Amino acid sequence: MTDRTLDRRTVLASLAGAGAASLAGCSFFEGGEDGPATEVEGDRASELAARFAPTLYFDENEPWFPTDPRPYTSQRDGETIVDGFDAFDGYHERFTGETPPDPTVFYHVVEYADSPLAVVQYWLYSAFDQFTTNFHWHDWEVLHVFVDTDSGEPQLYVASSHSRKVPNNEFLDPDPERVPRILSELGSHSSALSINDQADRFQRLPTDTDLADITNSAIRTIEDVATIPLAYGLPRDEGGRLPYVVPEYEGAPLYEHPDLPSVEQSSLVSDDLTVRSFDSLTSPPSDLPGRTTGLVFDYEDREGSDDADIQYSLVPTAEIESITDFTGPQLSFEFAVPKFGEDAIAGHITTTGAPWGQPRYQNPAADITEPNHRAALAERYDAIGEAAAVNTIVATVSDAVTTDDAPEDEGLTTEQSTVEAVTLLESDPEAVPTFGGIAAVQDVPAGEHRLTVNRAGTAPHSETVSVSADGGPTVAGVDGDIPLVARENARKLELDPADADSDLTALAVEDDFAGRLYDVPLSGPDAVYVHSGGAYTTEVRDAEDAVGAFRVNPDPAAEESVRIAEPNTGKASLATFLADIAEETRAAVAATVDDSDDSDDDDGGRTSSVRGLAQALEAVGEAATRASERARAGDRGNADRQLEAVAERLQRVATRLSEASDDLPDPLSNAARNRLEQATRRTEQARASEKL
């Protein structure tokens, strides 16, 4: 079986290689001006709709299939509406057997004026939406088929994803002889395309024998192909896992509401895929089932549709445009945001409203999220406006875990997680799911934003991200990576710039083995969750570019947070750090020596080399302590002389470490080398610092 997981390093390499042009392009809110479009009616519309009517594949756990909302209409203030309670309860009251009620797909056809470009829209209505980032009454999803009416050939498929903050799943120049296929995501009904020969599977990348299911790219020019196409896809079909959450209303699970007598807990997404809240687990869930195909729907008048499980009717949207609104009260779920005071906000979505009230209903080009696709259509048809710049925040989300290369509980590595996360911009609180561990939020206004990433069983991560107005990508995290920590291992590291003696502007956290894990601008109190099994250097910078460093090595048995009490910058801060890291390493090295047994010559040689290393580290610590004392006393000259002594003694440590390396446990030898590199770098910063 093909490995469907995406490699994080491949993603980062593709983004780095693309440079400033990567991910830039059309904003589907602010794209070039498109020509007017008019509705196509009658036989011509129905013939186009019948020709491209998609085959629909659903997850075996899907509760809500495309249906007709008209049985659930009511009157309110003289208008026809569909109430969420009525549709949700009525659907489950009528769904008594294996056949879903009223399987229906609605179509709407428009053509652009003075252009041979028409678009067939297939609108799918479901009574409810339940997902990991949202739930709401009613759900409308759409497939746009752009067709050249001169040649009769399809030009572009655009299948809707979760929101217009997430790149849609799109395919340019599809095979005109192959009926489009939609793979509907469980519960949320986000639409993935299936173009390849595996009809019920999503394939992000091409193989030697088959096409990919999308032609989205991460770069500007049409001729180039991105390593990892930027599109939502179908994460549970690519090796990812999505934990679903239960919708609540008025403080109780929705299925307990008295106005929903036909809805039971079993009516929702299966318990096997559900967690009660993201913070109810101590680690990410590992037993979530993957996607398996269930019911297959096909157009009832298509030859061969008898092979499908369900045959659906095609109905023009004109027959239901008399419905003015799809209503329902606000629902809620827990979504933690790690502000300094551990505040939490809830992401709420009520209903998507009627399709005919949306801009994309009359202008489907407004729903093209891939800039290259818009550019291609703009080149072919004057009715389609040119692509415009759009700001995108992008990152990958990984797991921070302990590494065997380090001493126990003193070093980390990062690895790809198979559990998807959700991201949120606090300035625009719309939760966005990751795909293959990739977080991408499009159409972000220029300026500073607070980006939060959360995942079931992990501590949430939050950081400040500055987005420029140039239309290029903004890479969040450190080199595009945001590592999350399982709640059972998470320790909160806090810092308040008000406790410093200068104006702090930046904060970074490095692990001895995993390197930089957190690196953000700093304007107020901040906090980050770190793994209790790591060993960290916390760095701050101030407005004068002076640096401070602090050693943090959490006790895995302790649960309290770690606070940097005096996050000052300058020689004294750096020298204190040098003394701390030298003593920490000396103690670990000295602990390996058995003072009571020197009798064996070979063992005596080992003991001698290890003791020599411990003594060299002790000398570094002594000189660093004196440098810190001199700096705090305002004695620059003597502080610098002691730092020169630190530098010389670190060279001796390097020699002693080389001699003792074979006599130390490999993890400790690795840690000592990493810390030596860290100490050497901080010594140079201390010597160069103008600030005492």
# chains A, B, ... in the order shown; residues from 1 in each chain; ligands from 1
call {"tool": "residues_around", "arguments": {"residues": "region 496-506 of chain A", "least_positions_apart": "6", "cutoff": "9 Å", "atoms": "only C-alpha atoms", "output": "PyMOL selection string"}}
result
chain A and resi 519-527+539-545+563-569
call {"tool": "select_by_dssp", "arguments": {"residues": "region 236-477 of chain A", "states": "helix (DSSP H, G or I)", "output": "CSV table (one decimal) with N, CA and C atoms, in the first residue's frame"}}
result
chain,number,residue,atom,x,y,z
A,236,ARG,N,-8.2,12.1,6.3
A,236,ARG,CA,-8.4,10.7,6.8
A,236,ARG,C,-8.1,9.7,5.7
A,237,ASP,N,-8.0,10.1,4.5
A,237,ASP,CA,-7.6,9.2,3.4
A,237,ASP,C,-6.1,9.3,3.1
A,254,LEU,N,-26.2,18.1,22.3
A,254,LEU,CA,-27.4,18.5,21.5
A,254,LEU,C,-28.4,17.4,21.5
A,255,TYR,N,-28.0,16.1,21.5
A,255,TYR,CA,-28.9,15.0,21.4
A,255,TYR,C,-29.8,14.9,22.6
A,256,GLU,N,-29.5,15.6,23.7
A,256,GLU,CA,-30.4,15.6,24.9
A,256,GLU,C,-31.5,16.6,24.9
A,265,GLN,N,-27.8,9.9,20.7
A,265,GLN,CA,-26.3,10.0,20.6
A,265,GLN,C,-25.8,9.2,19.4
A,266,SER,N,-26.4,8.1,19.1
A,266,SER,CA,-26.0,7.2,18.0
A,266,SER,C,-26.3,7.9,16.6
A,267,SER,N,-27.1,9.0,16.6
A,267,SER,CA,-27.4,9.7,15.4
A,267,SER,C,-26.2,10.5,14.9
A,271,ASP,N,-19.0,7.2,18.2
A,271,ASP,CA,-18.2,7.4,19.4
A,271,ASP,C,-16.8,7.1,19.2
A,272,ASP,N,-16.5,6.1,18.3
A,272,ASP,CA,-15.1,5.7,18.1
A,272,ASP,C,-14.3,6.8,17.5
A,273,LEU,N,-14.9,7.8,16.9
A,273,LEU,CA,-14.2,9.0,16.4
A,273,LEU,C,-14.3,10.2,17.2
A,278,PHE,N,-11.1,18.8,23.5
A,278,PHE,CA,-9.7,18.6,23.1
A,278,PHE,C,-8.8,18.5,24.3
A,279,ASP,N,-9.2,19.0,25.5
A,279,ASP,CA,-8.3,19.0,26.6
A,279,ASP,C,-8.7,17.9,27.6
A,280,SER,N,-9.5,16.9,27.2
A,280,SER,CA,-9.9,15.8,28.0
A,280,SER,C,-9.0,14.7,28.0
A,305,SER,N,-26.0,3.5,-13.4
A,305,SER,CA,-26.2,4.0,-12.0
A,305,SER,C,-26.8,3.0,-11.1
A,306,ASP,N,-27.3,1.9,-11.7
A,306,ASP,CA,-27.9,0.8,-10.9
A,306,ASP,C,-26.8,0.2,-10.0
A,307,ASP,N,-25.5,0.3,-10.4
A,307,ASP,CA,-24.4,-0.2,-9.6
A,307,ASP,C,-24.2,0.5,-8.3
A,317,THR,N,-32.0,24.5,-8.6
A,317,THR,CA,-32.1,25.2,-7.4
A,317,THR,C,-33.3,26.2,-7.5
A,318,ALA,N,-33.7,26.5,-8.7
A,318,ALA,CA,-34.9,27.5,-8.8
A,318,ALA,C,-36.1,27.0,-8.1
A,319,GLU,N,-36.2,25.7,-7.9
A,319,GLU,CA,-37.4,25.1,-7.3
A,319,GLU,C,-37.3,25.3,-5.8
A,355,PRO,N,-27.6,29.2,-0.3
A,355,PRO,CA,-26.6,29.4,-1.4
A,355,PRO,C,-26.9,30.6,-2.2
A,356,TRP,N,-28.2,30.9,-2.5
A,356,TRP,CA,-28.5,32.0,-3.4
A,356,TRP,C,-28.3,33.3,-2.8
A,357,GLY,N,-27.8,33.4,-1.6
A,357,GLY,CA,-27.4,34.7,-1.0
A,357,GLY,C,-25.9,34.9,-1.0
A,359,PRO,N,-22.1,35.3,-2.9
A,359,PRO,CA,-21.5,35.8,-4.1
A,359,PRO,C,-21.2,34.7,-5.1
A,360,ARG,N,-20.7,33.6,-4.7
A,360,ARG,CA,-20.3,32.5,-5.6
A,360,ARG,C,-21.4,31.9,-6.3
A,361,TYR,N,-22.7,32.1,-5.9
A,361,TYR,CA,-23.8,31.6,-6.6
A,361,TYR,C,-24.0,32.2,-7.9
A,362,GLN,N,-23.8,33.5,-8.0
A,362,GLN,CA,-23.9,34.2,-9.3
A,362,GLN,C,-22.6,34.3,-10.0
A,364,PRO,N,-19.4,32.0,-9.9
A,364,PRO,CA,-18.6,30.9,-9.3
A,364,PRO,C,-17.1,31.1,-9.3
A,365,ALA,N,-16.6,32.0,-10.2
A,365,ALA,CA,-15.1,32.3,-10.2
A,365,ALA,C,-14.7,32.8,-8.8
A,366,ALA,N,-15.6,33.4,-8.1
A,366,ALA,CA,-15.2,33.9,-6.7
A,366,ALA,C,-14.8,32.8,-5.8
A,367,ASP,N,-15.1,31.5,-6.2
A,367,ASP,CA,-14.7,30.4,-5.3
A,367,ASP,C,-13.4,29.7,-5.8
A,371,PRO,N,-4.4,30.3,-7.3
A,371,PRO,CA,-4.1,31.4,-8.2
A,371,PRO,C,-3.8,31.0,-9.6
A,372,ASN,N,-3.1,29.8,-9.7
A,372,ASN,CA,-2.7,29.4,-11.1
A,372,ASN,C,-3.9,29.0,-11.9
A,373,HIS,N,-5.0,28.5,-11.2
A,373,HIS,CA,-6.2,28.1,-11.9
A,373,HIS,C,-6.9,29.4,-12.4
A,374,ARG,N,-7.0,30.4,-11.6
A,374,ARG,CA,-7.6,31.6,-12.0
A,374,ARG,C,-6.8,32.2,-13.2
A,375,ALA,N,-5.5,32.2,-13.0
A,375,ALA,CA,-4.6,32.8,-14.1
A,375,ALA,C,-4.9,32.0,-15.4
A,376,ALA,N,-5.0,30.7,-15.3
A,376,ALA,CA,-5.3,29.9,-16.6
A,376,ALA,C,-6.6,30.3,-17.2
A,377,LEU,N,-7.6,30.4,-16.4
A,377,LEU,CA,-8.9,30.8,-17.0
A,377,LEU,C,-8.9,32.2,-17.5
A,378,ALA,N,-8.2,33.1,-16.8
A,378,ALA,CA,-8.1,34.5,-17.2
A,378,ALA,C,-7.5,34.6,-18.6
A,379,GLU,N,-6.5,33.7,-18.8
A,379,GLU,CA,-5.8,33.7,-20.1
A,379,GLU,C,-6.7,33.2,-21.2
A,380,ARG,N,-7.6,32.3,-20.9
A,380,ARG,CA,-8.5,31.8,-21.9
A,380,ARG,C,-9.7,32.6,-22.1
call {"tool": "residues_around", "arguments": {"residues": "region 535-537 of chain A", "least_positions_apart": "5", "cutoff": "10 Å", "atoms": "only C-alpha atoms", "output": "list of chain:residue names"}}
result
A:Ala406, A:Pro407, A:Asp409, A:Glu410, A:Gly411, A:Leu412, A:Ala508, A:Val509, A:Glu510, A:Asp511, A:Asp512, A:Phe513, A:Ala514, A:Gly515, A:Arg516, A:Leu517, A:Val530, A:Ala549, A:Phe550, A:Arg551, A:Val552, A:Asn553, A:Pro554, A:Asp555, A:Phe577, A:Ile581, A:Ala671, A:Arg675, A:Gln678
call {"tool": "residues_around", "arguments": {"residues": "Thr458 (chain A)", "least_positions_apart": "5", "cutoff": "8 Å", "atoms": "only C-alpha atoms", "output": "CSV table (one decimal) with N, CA and C atoms, in the first residue's frame"}}
result
chain,number,residue,atom,x,y,z
A,278,PHE,N,-11.1,18.8,23.5
A,278,PHE,CA,-9.7,18.6,23.1
A,278,PHE,C,-8.8,18.5,24.3
A,279,ASP,N,-9.2,19.0,25.5
A,279,ASP,CA,-8.3,19.0,26.6
A,279,ASP,C,-8.7,17.9,27.6
A,281,LEU,N,-8.0,14.7,27.1
A,281,LEU,CA,-7.0,13.7,26.9
A,281,LEU,C,-5.7,14.1,27.4
A,282,THR,N,-4.9,13.2,27.8
A,282,THR,CA,-3.5,13.5,28.3
A,282,THR,C,-2.5,13.4,27.1
A,283,SER,N,-2.9,12.7,26.0
A,283,SER,CA,-2.1,12.6,24.9
A,283,SER,C,-3.0,12.4,23.6
A,284,PRO,N,-2.5,12.7,22.4
A,284,PRO,CA,-3.3,12.6,21.2
A,284,PRO,C,-3.8,11.2,21.1
A,484,LEU,N,3.9,20.5,19.0
A,484,LEU,CA,3.0,20.5,20.1
A,484,LEU,C,3.4,19.4,21.1
A,485,VAL,N,2.9,19.6,22.3
A,485,VAL,CA,3.4,18.7,23.4
A,485,VAL,C,2.1,18.0,24.0
A,486,ALA,N,2.2,16.7,24.2
A,486,ALA,CA,1.1,16.0,24.9
A,486,ALA,C,0.9,16.6,26.2
A,487,ARG,N,-0.4,16.7,26.6
A,487,ARG,CA,-0.7,17.4,27.9
A,487,ARG,C,-0.1,16.7,29.1
A,490,ALA,N,3.3,18.3,29.3
A,490,ALA,CA,3.4,19.8,29.1
A,490,ALA,C,3.7,20.5,30.4
call {"tool": "residues_around", "arguments": {"residues": "Tyr381 (chain A)", "least_positions_apart": "2", "cutoff": "12 Å", "atoms": "only C-alpha atoms", "output": "list in words"}}
result
Asp34, Gly35, Glu111, Tyr112, Ala113, Asp114, Ser115, Pro116, Leu117, Ala118, Phe146, Val147, Asp148, Thr149, Gln155, Ala365, Arg374, Ala375, Ala376, Leu377, Ala378, Glu379, Ala383, Ile384, Gly385 and Glu386 of chain A
call {"tool": "write_last_selection", "arguments": {"atoms": "N, CA and C atoms", "output": "compact mmCIF listing (two decimals), in the first residue's frame"}}
result
# COMPACT_ATOMS: atom_id res chain seq x y z
N ASP A 34 -14.44 40.10 -12.44
CA ASP A 34 -14.99 39.13 -13.38
C ASP A 34 -16.18 39.74 -14.12
N GLY A 35 -16.41 39.24 -15.32
CA GLY A 35 -17.54 39.72 -16.11
C GLY A 35 -18.86 39.25 -15.52
N GLU A 111 -23.74 31.32 -17.19
CA GLU A 111 -22.72 31.51 -18.22
C GLU A 111 -22.30 32.98 -18.21
N TYR A 112 -21.05 33.20 -18.51
CA TYR A 112 -20.51 34.55 -18.49
C TYR A 112 -20.82 35.24 -19.81
N ALA A 113 -21.20 36.50 -19.72
CA ALA A 113 -21.61 37.27 -20.89
C ALA A 113 -20.47 37.39 -21.90
N ASP A 114 -20.83 37.28 -23.19
CA ASP A 114 -19.86 37.43 -24.28
C ASP A 114 -18.68 36.48 -24.11
N SER A 115 -18.95 35.27 -23.62
CA SER A 115 -17.90 34.30 -23.35
C SER A 115 -18.45 32.90 -23.53
N PRO A 116 -17.65 31.96 -24.02
CA PRO A 116 -18.10 30.57 -24.13
C PRO A 116 -17.90 29.80 -22.83
N LEU A 117 -17.83 30.50 -21.70
CA LEU A 117 -17.58 29.84 -20.42
C LEU A 117 -18.87 29.78 -19.61
N ALA A 118 -19.29 28.56 -19.29
CA ALA A 118 -20.44 28.33 -18.42
C ALA A 118 -19.97 27.54 -17.20
N PHE A 146 -16.55 24.19 -14.49
CA PHE A 146 -16.40 25.24 -15.50
C PHE A 146 -16.29 24.54 -16.87
N VAL A 147 -17.15 24.94 -17.80
CA VAL A 147 -17.26 24.25 -19.08
C VAL A 147 -17.12 25.24 -20.23
N ASP A 148 -16.35 24.89 -21.23
CA ASP A 148 -16.27 25.66 -22.47
C ASP A 148 -17.42 25.20 -23.36
N THR A 149 -18.38 26.08 -23.63
CA THR A 149 -19.56 25.68 -24.39
C THR A 149 -19.28 25.54 -25.88
N GLN A 155 -13.23 22.70 -18.09
CA GLN A 155 -11.99 23.44 -17.92
C GLN A 155 -11.42 23.32 -16.51
N ALA A 365 -16.57 31.99 -10.18
CA ALA A 365 -15.14 32.26 -10.18
C ALA A 365 -14.67 32.82 -8.84
N ARG A 374 -6.99 30.38 -11.57
CA ARG A 374 -7.61 31.63 -12.01
C ARG A 374 -6.80 32.25 -13.15
N ALA A 375 -5.47 32.21 -13.03
CA ALA A 375 -4.63 32.77 -14.09
C ALA A 375 -4.86 32.03 -15.41
N ALA A 376 -5.02 30.72 -15.34
CA ALA A 376 -5.25 29.93 -16.56
C ALA A 376 -6.58 30.30 -17.21
N LEU A 377 -7.63 30.42 -16.41
CA LEU A 377 -8.93 30.79 -16.98
C LEU A 377 -8.93 32.23 -17.47
N ALA A 378 -8.22 33.10 -16.77
CA ALA A 378 -8.15 34.49 -17.21
C ALA A 378 -7.46 34.61 -18.56
N GLU A 379 -6.48 33.74 -18.79
CA GLU A 379 -5.79 33.75 -20.08
C GLU A 379 -6.69 33.25 -21.21
N ALA A 383 -13.74 37.01 -19.56
CA ALA A 383 -14.72 37.20 -18.49
C ALA A 383 -14.13 36.95 -17.10
N ILE A 384 -12.99 36.30 -17.03
CA ILE A 384 -12.38 35.98 -15.74
C ILE A 384 -11.25 36.96 -15.46
N GLY A 385 -11.31 37.61 -14.31
CA GLY A 385 -10.30 38.59 -13.94
C GLY A 385 -8.99 37.94 -13.55
N GLU A 386 -7.93 38.73 -13.65
CA GLU A 386 -6.60 38.24 -13.31
C GLU A 386 -6.50 37.94 -11.80
call {"tool": "closest_residue", "arguments": {"among": "A:Phe131, A:Val245, A:Trp64, A:Phe58", "to": "Thr293 (chain A)", "atoms": "only C-alpha atoms"}}
result
A:Phe58
call {"tool": "closest_residue", "arguments": {"among": "A:Gly187, A:Gly436, A:Gly42, A:Gly570", "to": "Pro247 (chain A)", "atoms": "only C-alpha atoms"}}
result
A:Gly187
call {"tool": "residues_around", "arguments": {"residues": "Thr104 (chain A)", "least_positions_apart": "2", "cutoff": "6 Å", "atoms": "only C-alpha atoms", "output": "list of chain:residue names"}}
result
A:Pro66, A:Thr67, A:Asp68, A:Asp102, A:Tyr312, A:Ser313
call {"tool": "write_last_selection", "arguments": {"atoms": "N, CA, C and O atoms", "output": "PDB file, in the first residue's frame"}}
result
ATOM      1  N   PRO A  66     -26.893  13.834   1.325  1.00  0.00           N
ATOM      2  CA  PRO A  66     -27.573  14.929   0.610  1.00  0.00           C
ATOM      3  C   PRO A  66     -29.057  14.634   0.448  1.00  0.00           C
ATOM      4  O   PRO A  66     -29.445  13.553  -0.006  1.00  0.00           O
ATOM      5  N   THR A  67     -29.851  15.613   0.819  1.00  0.00           N
ATOM      6  CA  THR A  67     -31.292  15.404   0.837  1.00  0.00           C
ATOM      7  C   THR A  67     -32.009  16.660   0.383  1.00  0.00           C
ATOM      8  O   THR A  67     -31.374  17.680   0.057  1.00  0.00           O
ATOM      9  N   ASP A  68     -33.327  16.611   0.377  1.00  0.00           N
ATOM     10  CA  ASP A  68     -34.168  17.737  -0.027  1.00  0.00           C
ATOM     11  C   ASP A  68     -34.665  18.434   1.228  1.00  0.00           C
ATOM     12  O   ASP A  68     -35.290  17.801   2.087  1.00  0.00           O
ATOM     13  N   ASP A 102     -35.028  11.037   0.589  1.00  0.00           N
ATOM     14  CA  ASP A 102     -34.988  12.044  -0.480  1.00  0.00           C
ATOM     15  C   ASP A 102     -33.573  12.339  -0.974  1.00  0.00           C
ATOM     16  O   ASP A 102     -33.110  13.498  -0.928  1.00  0.00           O
ATOM     17  N   TYR A 312     -29.670   9.312  -6.905  1.00  0.00           N
ATOM     18  CA  TYR A 312     -30.193  10.606  -6.487  1.00  0.00           C
ATOM     19  C   TYR A 312     -30.879  11.328  -7.640  1.00  0.00           C
ATOM     20  O   TYR A 312     -30.601  11.073  -8.817  1.00  0.00           O
ATOM     21  N   SER A 313     -31.756  12.250  -7.278  1.00  0.00           N
ATOM     22  CA  SER A 313     -32.449  13.086  -8.253  1.00  0.00           C
ATOM     23  C   SER A 313     -31.686  14.380  -8.459  1.00  0.00           C
ATOM     24  O   SER A 313     -31.077  14.909  -7.524  1.00  0.00           O
TER      25      SER A 313
END
call {"tool": "closest_residue", "arguments": {"among": "A:Asp309, A:Glu62, A:Asp175, A:Asp666", "to": "Glu408 (chain A)", "atoms": "only C-alpha atoms"}}
result
A:Asp666
call {"tool": "atom_distance", "arguments": {"atom1": "CA of Pro289 (chain A)", "atom2": "CA of Ile438 (chain A)"}}
result
20.5 Å
call {"tool": "closest_residue", "arguments": {"among": "A:Ser669, A:Ser194, A:Thr625, A:Ser462", "to": "Gly477 (chain A)", "atoms": "only C-alpha atoms"}}
result
A:Ser462
call {"tool": "select_by_dssp", "arguments": {"residues": "region 345-593 of chain A", "states": "strand (DSSP E)", "output": "NGL selection string"}}
result
:A and (345 or 392-402 or 412-416 or 422-425 or 428-433 or 438-442 or 447-454 or 458-459 or 461-467 or 473-475 or 481-486 or 490-495 or 504-511 or 515-521 or 526-531 or 536-542 or 547-552 or 562-564)
call {"tool": "closest_atom_pairs", "arguments": {"of": "region 559-585 of chain A", "to": "region 629-653 of chain A", "cutoff": "10 Å", "atoms": "only C-alpha atoms", "output": "tab-separated table"}}
result
residue	atom	partner	partner_atom	distance
A:Gly570	CA	A:Ala631	CA	8.7
A:Lys571	CA	A:Ala631	CA	6.2
A:Ala572	CA	A:Ala631	CA	5.2
A:Ser573	CA	A:Ala631	CA	9.0
A:Ala575	CA	A:Leu643	CA	7.7
A:Thr576	CA	A:Glu629	CA	8.8
A:Leu578	CA	A:Val646	CA	8.6
A:Ala579	CA	A:Val646	CA	9.5
A:Ala582	CA	A:Leu650	CA	9.5
call {"tool": "write_last_selection", "arguments": {"atoms": "N, CA, C and O atoms", "output": "tab-separated table (two decimals), in the first residue's frame"}}
result
chain	number	residue	atom	x	y	z
A	570	GLY	N	22.06	41.22	28.61
A	570	GLY	CA	23.40	41.76	28.84
A	570	GLY	C	24.38	40.73	29.36
A	570	GLY	O	24.10	39.54	29.46
A	571	LYS	N	25.60	41.20	29.68
A	571	LYS	CA	26.70	40.33	30.09
A	571	LYS	C	26.35	39.52	31.33
A	571	LYS	O	26.65	38.31	31.41
A	572	ALA	N	25.73	40.16	32.33
A	572	ALA	CA	25.45	39.47	33.58
A	572	ALA	C	24.49	38.30	33.35
A	572	ALA	O	24.69	37.20	33.88
A	573	SER	N	23.45	38.54	32.55
A	573	SER	CA	22.49	37.47	32.25
A	573	SER	C	23.17	36.31	31.54
A	573	SER	O	23.01	35.14	31.91
A	575	ALA	N	26.39	35.55	31.40
A	575	ALA	CA	27.40	34.90	32.22
A	575	ALA	C	26.75	33.97	33.24
A	575	ALA	O	27.25	32.87	33.52
A	576	THR	N	25.62	34.38	33.81
A	576	THR	CA	24.90	33.51	34.74
A	576	THR	C	24.43	32.25	34.04
A	576	THR	O	24.52	31.14	34.59
A	578	LEU	N	25.91	30.84	31.52
A	578	LEU	CA	27.09	30.02	31.30
A	578	LEU	C	27.47	29.24	32.57
A	578	LEU	O	27.84	28.06	32.51
A	579	ALA	N	27.36	29.90	33.71
A	579	ALA	CA	27.65	29.22	34.97
A	579	ALA	C	26.66	28.09	35.21
A	579	ALA	O	27.03	26.99	35.66
A	582	ALA	N	27.22	25.12	32.70
A	582	ALA	CA	28.47	24.43	33.02
A	582	ALA	C	28.29	23.55	34.26
A	582	ALA	O	28.74	22.38	34.28
call {"tool": "atom_distance", "arguments": {"atom1": "CA of Leu574 (chain A)", "atom2": "CA of Thr592 (chain A)"}}
result
28.0 Å
call {"tool": "closest_residue", "arguments": {"among": "A:Val444, A:Ser561, A:Asp481, A:Val145", "to": "Leu495 (chain A)", "atoms": "only C-alpha atoms"}}
result
A:Ser561
call {"tool": "closest_residue", "arguments": {"among": "A:Asn216, A:Gln203, A:Ser609, A:Thr327", "to": "Phe88 (chain A)", "atoms": "only C-alpha atoms"}}
result
A:Thr327
call {"tool": "residues_around", "arguments": {"residues": "Arg291 (chain A)", "least_positions_apart": "2", "cutoff": "10 Å", "atoms": "only C-alpha atoms", "output": "count of residues only"}}
result
19
